[in-house]
$ cat start.csv   # CSV, C-alpha atoms
chain,number,residue,atom,x,y,z
A,1,MET,CA,-40.4,-57.4,149.3
A,2,LEU,CA,-40.5,-56.2,145.7
A,3,GLU,CA,-43.7,-54.3,146.4
A,4,ILE,CA,-42.1,-52.6,149.4
A,5,TYR,CA,-39.0,-51.6,147.4
A,6,ALA,CA,-41.1,-50.4,144.4
A,7,ASN,CA,-43.0,-48.2,146.8
A,8,GLU,CA,-39.7,-46.8,148.2
A,9,SER,CA,-38.4,-46.2,144.7
A,10,ARG,CA,-41.3,-43.8,144.1
A,11,VAL,CA,-40.3,-41.9,147.2
A,12,THR,CA,-36.7,-41.8,146.0
A,13,VAL,CA,-37.7,-40.3,142.7
A,14,GLU,CA,-39.7,-37.6,144.5
A,15,LEU,CA,-36.6,-36.9,146.6
A,16,ILE,CA,-34.5,-35.9,143.6
A,17,ALA,CA,-37.2,-34.8,141.2
A,18,ASP,CA,-36.4,-31.1,141.5
A,19,HIS,CA,-32.8,-31.7,140.7
A,20,LEU,CA,-33.3,-33.8,137.5
A,21,ARG,CA,-32.0,-32.1,134.4
A,22,PRO,CA,-31.3,-33.4,130.9
A,23,HIS,CA,-27.6,-34.4,130.2
A,24,ILE,CA,-26.5,-34.4,133.8
A,25,ARG,CA,-24.5,-37.4,135.1
A,26,ILE,CA,-26.2,-39.1,138.1
A,27,LEU,CA,-25.0,-41.6,140.6
A,28,GLU,CA,-27.3,-43.6,142.9
A,29,ILE,CA,-25.5,-44.8,146.0
A,30,GLY,CA,-26.8,-48.1,147.4
A,31,ALA,CA,-29.1,-48.7,144.4
A,32,GLY,CA,-30.5,-51.9,146.0
A,33,LEU,CA,-32.6,-53.7,143.4
A,34,CYS,CA,-31.8,-50.9,140.9
A,35,LEU,CA,-35.5,-50.1,140.4
A,36,THR,CA,-35.0,-46.3,140.7
A,37,SER,CA,-31.9,-46.3,138.4
A,38,LEU,CA,-33.6,-48.5,135.8
A,39,PHE,CA,-36.6,-46.2,135.8
A,40,LEU,CA,-34.5,-43.1,135.4
A,41,ARG,CA,-32.3,-44.7,132.7
A,42,GLN,CA,-35.5,-45.7,130.9
A,43,GLN,CA,-36.5,-42.0,131.0
A,44,GLY,CA,-33.3,-41.1,129.3
A,45,TYR,CA,-31.2,-39.9,132.2
A,46,HIS,CA,-27.4,-40.7,132.3
A,47,ILE,CA,-27.3,-42.6,135.6
A,48,THR,CA,-24.9,-45.1,137.2
A,49,ALA,CA,-26.0,-47.4,140.0
A,50,LEU,CA,-23.7,-48.3,142.8
A,51,GLU,CA,-24.7,-51.4,144.8
A,52,PRO,CA,-22.1,-53.7,146.5
A,53,ALA,CA,-24.9,-55.8,148.2
A,54,ILE,CA,-23.0,-56.3,151.5
A,55,GLY,CA,-23.8,-55.9,155.2
A,56,GLY,CA,-27.0,-57.9,155.5
A,57,PHE,CA,-28.2,-57.3,151.9
A,58,ASP,CA,-26.7,-60.4,150.2
A,59,LEU,CA,-30.0,-61.3,148.8
A,60,PHE,CA,-30.0,-58.1,146.8
A,61,ALA,CA,-27.3,-59.4,144.5
A,62,LEU,CA,-29.5,-62.3,143.2
A,63,ILE,CA,-32.7,-60.3,142.9
A,64,LYS,CA,-30.9,-57.4,141.3
A,65,GLN,CA,-29.3,-59.7,138.7
A,66,ALA,CA,-32.7,-61.2,137.9
A,67,ILE,CA,-34.3,-57.8,137.5
A,68,LEU,CA,-31.5,-56.5,135.3
A,69,GLU,CA,-31.7,-59.7,133.1
A,70,ASN,CA,-35.4,-59.1,132.8
A,71,HIS,CA,-34.8,-55.7,131.3
A,72,PRO,CA,-32.0,-56.3,128.7
A,73,ASN,CA,-33.2,-53.3,126.6
A,74,ILE,CA,-32.2,-50.8,129.4
A,75,GLU,CA,-28.5,-50.3,129.4
A,76,LEU,CA,-27.7,-49.4,133.0
A,77,GLN,CA,-24.1,-49.2,134.3
A,78,VAL,CA,-23.8,-50.9,137.7
A,79,MET,CA,-20.8,-50.6,140.0
A,80,GLU,CA,-20.4,-53.2,142.7
A,81,LYS,CA,-17.8,-51.6,144.9
A,82,PRO,CA,-18.3,-49.8,148.2
A,83,ALA,CA,-18.9,-46.0,148.1
A,84,GLN,CA,-15.6,-45.5,150.0
A,85,GLN,CA,-13.7,-46.7,146.8
A,86,LEU,CA,-15.1,-44.1,144.5
A,87,ASN,CA,-12.5,-41.9,142.8
A,88,PRO,CA,-12.7,-39.5,139.9
A,89,THR,CA,-9.9,-41.1,137.9
A,90,GLU,CA,-11.8,-44.4,137.5
A,91,ASP,CA,-15.4,-43.2,137.8
A,92,GLY,CA,-15.5,-39.7,136.5
A,93,CYS,CA,-17.6,-37.0,138.1
A,94,PHE,CA,-21.3,-36.6,138.7
A,95,ASP,CA,-23.6,-33.7,138.9
A,96,LEU,CA,-26.1,-35.4,141.2
A,97,ILE,CA,-25.4,-38.1,143.8
A,98,PHE,CA,-28.2,-39.5,145.9
A,99,SER,CA,-29.2,-42.2,148.3
A,100,ASN,CA,-32.3,-43.2,150.2
A,101,ASN,CA,-32.0,-45.2,153.4
A,102,VAL,CA,-28.4,-46.1,152.6
A,103,MET,CA,-26.0,-43.9,154.7
A,104,GLU,CA,-27.0,-45.6,157.9
A,105,HIS,CA,-25.7,-48.9,156.5
A,106,ILE,CA,-22.2,-47.7,155.4
A,107,PRO,CA,-19.7,-48.8,158.1
A,108,ASP,CA,-17.3,-45.8,157.6
A,109,TRP,CA,-19.8,-43.3,156.4
A,110,PRO,CA,-17.4,-40.3,156.8
A,111,ALA,CA,-14.9,-42.0,154.4
A,112,ALA,CA,-17.8,-42.8,152.0
A,113,LEU,CA,-19.0,-39.2,152.1
A,114,ASP,CA,-15.4,-37.9,151.4
A,115,ALA,CA,-15.1,-40.3,148.4
A,116,MET,CA,-18.5,-39.1,147.1
A,117,ALA,CA,-17.3,-35.5,147.3
A,118,THR,CA,-14.3,-36.3,145.2
A,119,VAL,CA,-16.6,-37.5,142.3
A,120,LEU,CA,-19.0,-34.6,142.7
A,121,THR,CA,-18.7,-31.8,140.2
A,122,GLU,CA,-17.9,-28.3,141.5
A,123,ASP,CA,-21.6,-27.2,141.0
A,124,GLY,CA,-23.0,-30.6,141.8
A,125,VAL,CA,-25.3,-31.6,144.6
A,126,MET,CA,-25.7,-34.6,146.9
A,127,LEU,CA,-29.0,-35.7,148.4
A,128,HIS,CA,-29.1,-38.3,151.2
A,129,ALA,CA,-32.2,-39.5,153.1
A,130,CYS,CA,-31.7,-41.7,156.2
A,131,PRO,CA,-32.7,-42.0,159.8
A,132,ASN,CA,-31.4,-39.6,162.4
A,133,TYR,CA,-30.5,-41.7,165.4
A,134,THR,CA,-30.5,-38.8,167.7
A,135,VAL,CA,-34.1,-39.8,168.0
A,136,PRO,CA,-34.1,-43.2,169.8
A,137,TYR,CA,-36.1,-45.1,167.1
A,138,GLU,CA,-34.9,-47.8,164.6
A,139,PRO,CA,-37.2,-47.7,161.5
A,140,HIS,CA,-36.1,-50.9,159.9
A,141,TYR,CA,-37.3,-52.9,162.9
A,142,GLY,CA,-39.8,-50.4,164.3
A,143,VAL,CA,-38.2,-50.6,167.8
A,144,PRO,CA,-36.6,-48.1,170.2
A,145,VAL,CA,-32.8,-47.9,170.1
A,146,PHE,CA,-30.3,-46.0,172.2
A,147,ARG,CA,-27.2,-45.4,170.1
A,148,HIS,CA,-24.9,-45.3,173.1
A,149,PHE,CA,-26.2,-48.6,174.3
A,150,VAL,CA,-26.7,-50.5,171.1
A,151,THR,CA,-26.0,-54.0,172.6
A,152,LEU,CA,-28.5,-53.4,175.4
A,153,SER,CA,-31.1,-52.1,172.9
A,154,ARG,CA,-30.6,-55.3,170.8
A,155,ARG,CA,-31.1,-57.5,173.8
A,156,LEU,CA,-34.2,-55.7,175.0
A,157,PHE,CA,-36.0,-55.2,171.7
A,158,LEU,CA,-34.7,-57.9,169.3
A,159,ARG,CA,-34.9,-61.0,171.5
A,160,ASN,CA,-37.3,-62.8,169.1
A,161,THR,CA,-35.6,-61.6,165.9
A,162,HIS,CA,-33.4,-64.2,164.2
A,163,ASP,CA,-32.4,-62.1,161.2
A,164,GLN,CA,-30.1,-59.4,162.7
A,165,GLY,CA,-28.0,-58.8,159.5
A,166,ILE,CA,-29.5,-55.4,158.9
A,167,TRP,CA,-29.1,-54.4,162.6
A,168,ASN,CA,-25.5,-55.4,162.5
A,169,SER,CA,-24.9,-53.1,159.5
A,170,LEU,CA,-26.3,-50.0,161.2
A,171,ASN,CA,-23.8,-47.2,162.1
A,172,PHE,CA,-26.4,-45.0,164.0
A,173,ILE,CA,-25.6,-41.8,162.1
A,174,THR,CA,-26.9,-38.6,163.5
A,175,CYS,CA,-27.8,-35.2,162.1
A,176,ARG,CA,-25.2,-33.4,164.3
A,177,ALA,CA,-22.4,-35.8,163.3
A,178,LEU,CA,-23.2,-35.4,159.6
A,179,SER,CA,-23.3,-31.7,159.9
A,180,ALA,CA,-20.0,-31.6,161.8
A,181,HIS,CA,-18.2,-33.7,159.2
A,182,CYS,CA,-19.5,-31.6,156.4
A,183,ASN,CA,-18.2,-28.5,158.1
A,184,SER,CA,-14.8,-30.0,158.6
A,185,ARG,CA,-14.6,-30.8,154.9
A,186,ALA,CA,-15.6,-27.4,153.4
A,187,LEU,CA,-19.0,-28.9,152.4
A,188,ASN,CA,-22.3,-27.0,152.7
A,189,CYS,CA,-25.1,-29.0,154.1
A,190,HIS,CA,-28.8,-28.1,154.5
A,191,PHE,CA,-31.3,-30.3,156.3
A,192,GLU,CA,-34.9,-30.3,155.1
A,193,LYS,CA,-37.5,-29.3,157.7
A,194,ALA,CA,-40.8,-30.9,158.7
A,195,LEU,CA,-39.6,-34.4,157.8
A,196,LEU,CA,-41.0,-36.0,161.0
A,197,TYR,CA,-44.4,-34.5,160.1
A,198,LYS,CA,-44.1,-36.0,156.6
A,199,ALA,CA,-43.0,-39.4,157.9
A,200,LEU,CA,-46.0,-39.5,160.3
A,201,LYS,CA,-48.3,-38.4,157.5
A,202,ARG,CA,-47.0,-41.1,155.3
A,203,ILE,CA,-47.6,-43.7,157.9
A,204,ASP,CA,-51.2,-42.4,158.1
A,205,ASP,CA,-51.6,-42.3,154.3
A,206,ASP,CA,-49.5,-45.1,152.9
A,207,PRO,CA,-50.7,-48.7,153.8
A,208,LEU,CA,-47.4,-50.3,152.7
A,209,PHE,CA,-45.4,-47.8,154.8
A,210,GLU,CA,-47.7,-48.3,157.7
A,211,GLU,CA,-47.2,-52.1,157.6
A,212,ARG,CA,-43.5,-51.5,158.1
A,213,HIS,CA,-44.2,-49.5,161.2
A,214,LYS,CA,-47.2,-51.4,162.5
A,215,GLY,CA,-48.1,-51.5,166.2
A,216,ALA,CA,-47.6,-48.7,168.6
A,217,VAL,CA,-45.7,-46.5,166.2
A,218,ALA,CA,-48.5,-46.6,163.6
A,219,SER,CA,-51.1,-46.0,166.3
A,220,ILE,CA,-49.2,-43.0,167.6
A,221,ALA,CA,-48.8,-41.6,164.1
A,222,ARG,CA,-52.5,-41.8,163.4
A,223,LEU,CA,-53.3,-40.2,166.8
A,224,ILE,CA,-50.9,-37.3,166.1
A,225,MET,CA,-52.1,-36.7,162.5
A,226,ARG,CA,-55.8,-36.9,163.4
A,227,SER,CA,-55.4,-34.5,166.3
A,228,GLY,CA,-54.0,-30.9,166.2
A,229,LEU,CA,-50.5,-32.1,167.1
A,230,GLY,CA,-49.4,-32.5,163.5
A,231,ARG,CA,-49.1,-28.7,163.1
A,232,LEU,CA,-46.7,-28.5,166.1
A,233,ILE,CA,-44.6,-31.4,164.8
A,234,ARG,CA,-43.8,-29.4,161.7
A,235,HIS,CA,-41.7,-27.0,163.8
A,236,ILE,CA,-39.4,-29.5,165.4
A,237,PRO,CA,-35.8,-28.7,164.3
A,238,PRO,CA,-34.2,-31.3,161.9
A,239,CYS,CA,-31.5,-32.2,164.5
A,240,LEU,CA,-34.2,-33.5,166.8
A,241,ALA,CA,-36.4,-35.3,164.1
A,242,THR,CA,-36.2,-38.4,162.1
A,243,PRO,CA,-35.8,-39.2,159.2
A,244,MET,CA,-33.4,-36.6,157.8
A,245,VAL,CA,-32.8,-35.4,154.2
A,246,VAL,CA,-29.6,-33.5,153.7
A,247,GLU,CA,-28.5,-31.5,150.6
A,248,ILE,CA,-24.7,-31.2,150.3
A,249,ASN,CA,-22.6,-29.2,147.9
A,250,LYS,CA,-19.0,-28.0,147.7
A,251,ARG,CA,-18.2,-24.7,149.5
A,252,LYS,CA,-17.1,-22.1,147.0
A,253,PRO,CA,-13.7,-20.4,147.9
A,254,HIS,CA,-13.9,-16.7,148.7
$ encode --input "start.csv" --output "structure tokens"
Amino acid sequence: MLEIYANESRVTVELIADHLRPHIRILEIGAGLCLTSLFLRQQGYHITALEPAIGGFDLFALIKQAILENHPNIELQVMEKPAQQLNPTEDGCFDLIFSNNVMEHIPDWPAALDAMATVLTEDGVMLHACPNYTVPYEPHYGVPVFRHFVTLSRRLFLRNTHDQGIWNSLNFITCRALSAHCNSRALNCHFEKALLYKALKRIDDDPLFEERHKGAVASIARLIMRSGLGRLIRHIPPCLATPMVVEINKRKPH
């Protein structure tokens, strides 16, 4: 598990690399084992990690504590409250807020996004990477899922799965719902293109990532990437592709 999360941490750093600047305040939402936050703090960045370890991730609390105790020389501020409880009076404001595979686990993600916006500086930016459940695929379990028939999907595809804690935490967020919420809150949002292509390429290139999507998905990914179809996949619009990466900032008044 540590190997998987260390691998994801490298992907998370790549997600925000272009936005890292000296002296900015950074907030990681759903920091998990705090590997990314510890690394960035070690590099001298002013970062705070938020990780409530709820909703099927109870084990995170124990492992996170062990990792933090093993690095006493790195002073990392950790908040253990839900993102919905963020507020500028208690927490201050941040220039960069980010998460990777977290938004889909927040029960009331619109409220969480609103709270994040309150602690985002006027010129700050949010970056969130997560699945887009418009596409009927659940990446944590590597199975099909139909967001309007979640119970049926669970019965059909998770009959032999005893640990359904993560499944029960999923909110089945979509690109269109996220975009509509941002528009209603005077927030600009921009979705990165060609992410489905990058995800399929990663399955083909990254053995650890392939292991998490083994079976038919990995076989299809290899077939697509080793044929000429990969070039066509690049042009699928973000609203019809998964995963999604969204960049959000505050809309400037006219």
$ atom_distance --input "start.csv" --atom1 "atom CA of Leu33 of chain A" --atom2 "atom CA of Leu170 of chain A"
19.2 Å
$ atom_distance --input "start.csv" --atom1 "atom CA of Leu50 of chain A" --atom2 "atom CA of Leu27 of chain A"
7.2 Å
$ atom_distance --input "start.csv" --atom1 "atom CA of Gly124 of chain A" --atom2 "atom CA of Asp95 of chain A"
4.3 Å
$ closest_residue --input "start.csv" --among "A:Ile173, A:Leu223, A:Ala112, A:Ala218" --to "Ala129 of chain A" --atoms "all atoms listed in the file"
A:Ile173
$ residues_around --input "start.csv" --residues "Leu120 of chain A" --least-positions-apart "6" --cutoff "12 Å" --atoms "all atoms listed in the file" --output "MDAnalysis selection string"
chainID A and resid 24:27 86:88 91:98 113:114 126:127 187 248:250
$ closest_residue --input "start.csv" --among "A:Val125, A:Asn188, A:Pro136, A:Leu2" --to "Asp18 of chain A" --atoms "only C-alpha atoms"
A:Val125
$ closest_residue --input "start.csv" --among "A:Met79, A:Cys182, A:Met103, A:Val150" --to "His128 of chain A" --atoms "only C-alpha atoms"
A:Met103
$ closest_residue --input "start.csv" --among "A:Ile166, A:Leu76, A:Ala186, A:Cys34" --to "Leu62 of chain A" --atoms "only C-alpha atoms"
A:Cys34
$ closest_residue --input "start.csv" --among "A:Ala115, A:Val11, A:Leu232, A:Leu35" --to "Asn100 of chain A" --atoms "all atoms listed in the file"
A:Val11
$ residues_around --input "start.csv" --residues "Arg10 of chain A" --least-positions-apart "4" --cutoff "10 Å" --atoms "all atoms listed in the file" --output "PyMOL selection string"
chain A and resi 5-6+14-15+35-36+39
$ write_last_selection --input "start.csv" --atoms "C-alpha atoms" --output "short mmCIF file (atom, residue, chain, number, x, y, z; two decimals), keeping the file's coordinate frame"
data_model
loop_
_atom_site.label_atom_id
_atom_site.label_comp_id
_atom_site.auth_asym_id
_atom_site.auth_seq_id
_atom_site.Cartn_x
_atom_site.Cartn_y
_atom_site.Cartn_z
CA TYR A 5 -39.00 -51.60 147.40
CA ALA A 6 -41.10 -50.40 144.40
CA GLU A 14 -39.70 -37.60 144.50
CA LEU A 15 -36.60 -36.90 146.60
CA LEU A 35 -35.50 -50.10 140.40
CA THR A 36 -35.00 -46.30 140.70
CA PHE A 39 -36.60 -46.20 135.80
#
$ closest_residue --input "start.csv" --among "A:Asp123, A:Glu104, A:Glu28, A:Glu247" --to "His190 of chain A" --atoms "all atoms listed in the file"
A:Glu247
$ residues_around --input "start.csv" --residues "Leu200 of chain A" --least-positions-apart "3" --cutoff "6 Å" --atoms "only C-alpha atoms" --output "list of chain:residue names"
A:Tyr197, A:Ile203, A:Ala221
$ build_atoms --input "start.csv" --residues "segment 205-237 of chain A" --atoms "N, CA and C atoms" --output "PDB file, in the coordinates of the input"
ATOM      1  N   ASP A 205     -51.073 -42.259 155.656  1.00  0.00           N
ATOM      2  CA  ASP A 205     -51.600 -42.300 154.300  1.00  0.00           C
ATOM      3  C   ASP A 205     -51.248 -43.493 153.464  1.00  0.00           C
ATOM      4  N   ASP A 206     -50.088 -44.089 153.755  1.00  0.00           N
ATOM      5  CA  ASP A 206     -49.500 -45.100 152.900  1.00  0.00           C
ATOM      6  C   ASP A 206     -49.592 -46.481 153.578  1.00  0.00           C
ATOM      7  N   PRO A 207     -50.495 -47.376 153.131  1.00  0.00           N
ATOM      8  CA  PRO A 207     -50.700 -48.700 153.800  1.00  0.00           C
ATOM      9  C   PRO A 207     -49.402 -49.525 153.839  1.00  0.00           C
ATOM     10  N   LEU A 208     -48.605 -49.512 152.764  1.00  0.00           N
ATOM     11  CA  LEU A 208     -47.400 -50.300 152.700  1.00  0.00           C
ATOM     12  C   LEU A 208     -46.373 -49.774 153.767  1.00  0.00           C
ATOM     13  N   PHE A 209     -46.280 -48.446 153.850  1.00  0.00           N
ATOM     14  CA  PHE A 209     -45.400 -47.800 154.800  1.00  0.00           C
ATOM     15  C   PHE A 209     -45.864 -48.083 156.233  1.00  0.00           C
ATOM     16  N   GLU A 210     -47.170 -48.024 156.415  1.00  0.00           N
ATOM     17  CA  GLU A 210     -47.700 -48.300 157.700  1.00  0.00           C
ATOM     18  C   GLU A 210     -47.445 -49.720 158.176  1.00  0.00           C
ATOM     19  N   GLU A 211     -47.478 -50.668 157.234  1.00  0.00           N
ATOM     20  CA  GLU A 211     -47.200 -52.100 157.600  1.00  0.00           C
ATOM     21  C   GLU A 211     -45.806 -52.248 158.120  1.00  0.00           C
ATOM     22  N   ARG A 212     -44.855 -51.444 157.632  1.00  0.00           N
ATOM     23  CA  ARG A 212     -43.500 -51.500 158.100  1.00  0.00           C
ATOM     24  C   ARG A 212     -43.311 -50.916 159.497  1.00  0.00           C
ATOM     25  N   HIS A 213     -44.275 -50.113 159.911  1.00  0.00           N
ATOM     26  CA  HIS A 213     -44.200 -49.500 161.200  1.00  0.00           C
ATOM     27  C   HIS A 213     -45.456 -49.786 162.038  1.00  0.00           C
ATOM     28  N   LYS A 214     -45.904 -51.027 161.892  1.00  0.00           N
ATOM     29  CA  LYS A 214     -47.200 -51.400 162.500  1.00  0.00           C
ATOM     30  C   LYS A 214     -46.985 -51.451 164.064  1.00  0.00           C
ATOM     31  N   GLY A 215     -48.113 -51.491 164.737  1.00  0.00           N
ATOM     32  CA  GLY A 215     -48.100 -51.500 166.200  1.00  0.00           C
ATOM     33  C   GLY A 215     -48.208 -50.155 166.801  1.00  0.00           C
ATOM     34  N   ALA A 216     -47.479 -49.935 167.886  1.00  0.00           N
ATOM     35  CA  ALA A 216     -47.600 -48.700 168.600  1.00  0.00           C
ATOM     36  C   ALA A 216     -47.213 -47.486 167.807  1.00  0.00           C
ATOM     37  N   VAL A 217     -46.176 -47.608 166.965  1.00  0.00           N
ATOM     38  CA  VAL A 217     -45.700 -46.500 166.200  1.00  0.00           C
ATOM     39  C   VAL A 217     -46.824 -46.005 165.222  1.00  0.00           C
ATOM     40  N   ALA A 218     -47.460 -46.952 164.526  1.00  0.00           N
ATOM     41  CA  ALA A 218     -48.500 -46.600 163.600  1.00  0.00           C
ATOM     42  C   ALA A 218     -49.716 -45.974 164.360  1.00  0.00           C
ATOM     43  N   SER A 219     -50.022 -46.505 165.523  1.00  0.00           N
ATOM     44  CA  SER A 219     -51.100 -46.000 166.300  1.00  0.00           C
ATOM     45  C   SER A 219     -50.842 -44.539 166.781  1.00  0.00           C
ATOM     46  N   ILE A 220     -49.615 -44.300 167.219  1.00  0.00           N
ATOM     47  CA  ILE A 220     -49.200 -43.000 167.600  1.00  0.00           C
ATOM     48  C   ILE A 220     -49.259 -41.987 166.472  1.00  0.00           C
ATOM     49  N   ALA A 221     -48.770 -42.448 165.305  1.00  0.00           N
ATOM     50  CA  ALA A 221     -48.800 -41.600 164.100  1.00  0.00           C
ATOM     51  C   ALA A 221     -50.196 -41.194 163.748  1.00  0.00           C
ATOM     52  N   ARG A 222     -51.121 -42.144 163.770  1.00  0.00           N
ATOM     53  CA  ARG A 222     -52.500 -41.800 163.400  1.00  0.00           C
ATOM     54  C   ARG A 222     -53.093 -40.850 164.459  1.00  0.00           C
ATOM     55  N   LEU A 223     -52.790 -41.068 165.729  1.00  0.00           N
ATOM     56  CA  LEU A 223     -53.300 -40.200 166.800  1.00  0.00           C
ATOM     57  C   LEU A 223     -52.801 -38.753 166.573  1.00  0.00           C
ATOM     58  N   ILE A 224     -51.503 -38.607 166.260  1.00  0.00           N
ATOM     59  CA  ILE A 224     -50.900 -37.300 166.100  1.00  0.00           C
ATOM     60  C   ILE A 224     -51.522 -36.590 164.848  1.00  0.00           C
ATOM     61  N   MET A 225     -51.619 -37.335 163.731  1.00  0.00           N
ATOM     62  CA  MET A 225     -52.100 -36.700 162.500  1.00  0.00           C
ATOM     63  C   MET A 225     -53.566 -36.400 162.520  1.00  0.00           C
ATOM     64  N   ARG A 226     -54.328 -37.101 163.329  1.00  0.00           N
ATOM     65  CA  ARG A 226     -55.800 -36.900 163.400  1.00  0.00           C
ATOM     66  C   ARG A 226     -56.168 -35.956 164.538  1.00  0.00           C
ATOM     67  N   SER A 227     -55.157 -35.454 165.210  1.00  0.00           N
ATOM     68  CA  SER A 227     -55.400 -34.500 166.300  1.00  0.00           C
ATOM     69  C   SER A 227     -54.750 -33.152 165.774  1.00  0.00           C
ATOM     70  N   GLY A 228     -54.640 -32.197 166.629  1.00  0.00           N
ATOM     71  CA  GLY A 228     -54.000 -30.900 166.200  1.00  0.00           C
ATOM     72  C   GLY A 228     -52.516 -30.907 166.434  1.00  0.00           C
ATOM     73  N   LEU A 229     -51.945 -32.049 166.846  1.00  0.00           N
ATOM     74  CA  LEU A 229     -50.500 -32.100 167.100  1.00  0.00           C
ATOM     75  C   LEU A 229     -49.639 -32.023 165.899  1.00  0.00           C
ATOM     76  N   GLY A 230     -50.204 -32.432 164.758  1.00  0.00           N
ATOM     77  CA  GLY A 230     -49.400 -32.500 163.500  1.00  0.00           C
ATOM     78  C   GLY A 230     -48.806 -31.117 163.190  1.00  0.00           C
ATOM     79  N   ARG A 231     -49.556 -30.050 163.417  1.00  0.00           N
ATOM     80  CA  ARG A 231     -49.100 -28.700 163.100  1.00  0.00           C
ATOM     81  C   ARG A 231     -47.858 -28.342 163.971  1.00  0.00           C
ATOM     82  N   LEU A 232     -47.850 -28.814 165.227  1.00  0.00           N
ATOM     83  CA  LEU A 232     -46.700 -28.500 166.100  1.00  0.00           C
ATOM     84  C   LEU A 232     -45.487 -29.339 165.695  1.00  0.00           C
ATOM     85  N   ILE A 233     -45.699 -30.570 165.234  1.00  0.00           N
ATOM     86  CA  ILE A 233     -44.600 -31.400 164.800  1.00  0.00           C
ATOM     87  C   ILE A 233     -43.790 -30.800 163.691  1.00  0.00           C
ATOM     88  N   ARG A 234     -44.466 -30.013 162.849  1.00  0.00           N
ATOM     89  CA  ARG A 234     -43.800 -29.400 161.700  1.00  0.00           C
ATOM     90  C   ARG A 234     -42.612 -28.499 162.170  1.00  0.00           C
ATOM     91  N   HIS A 235     -42.678 -27.969 163.392  1.00  0.00           N
ATOM     92  CA  HIS A 235     -41.700 -27.000 163.800  1.00  0.00           C
ATOM     93  C   HIS A 235     -40.536 -27.591 164.627  1.00  0.00           C
ATOM     94  N   ILE A 236     -40.505 -28.914 164.758  1.00  0.00           N
ATOM     95  CA  ILE A 236     -39.400 -29.500 165.400  1.00  0.00           C
ATOM     96  C   ILE A 236     -38.134 -29.394 164.552  1.00  0.00           C
ATOM     97  N   PRO A 237     -37.012 -28.921 165.081  1.00  0.00           N
ATOM     98  CA  PRO A 237     -35.800 -28.700 164.300  1.00  0.00           C
ATOM     99  C   PRO A 237     -35.297 -30.060 163.718  1.00  0.00           C
TER     100      PRO A 237
END
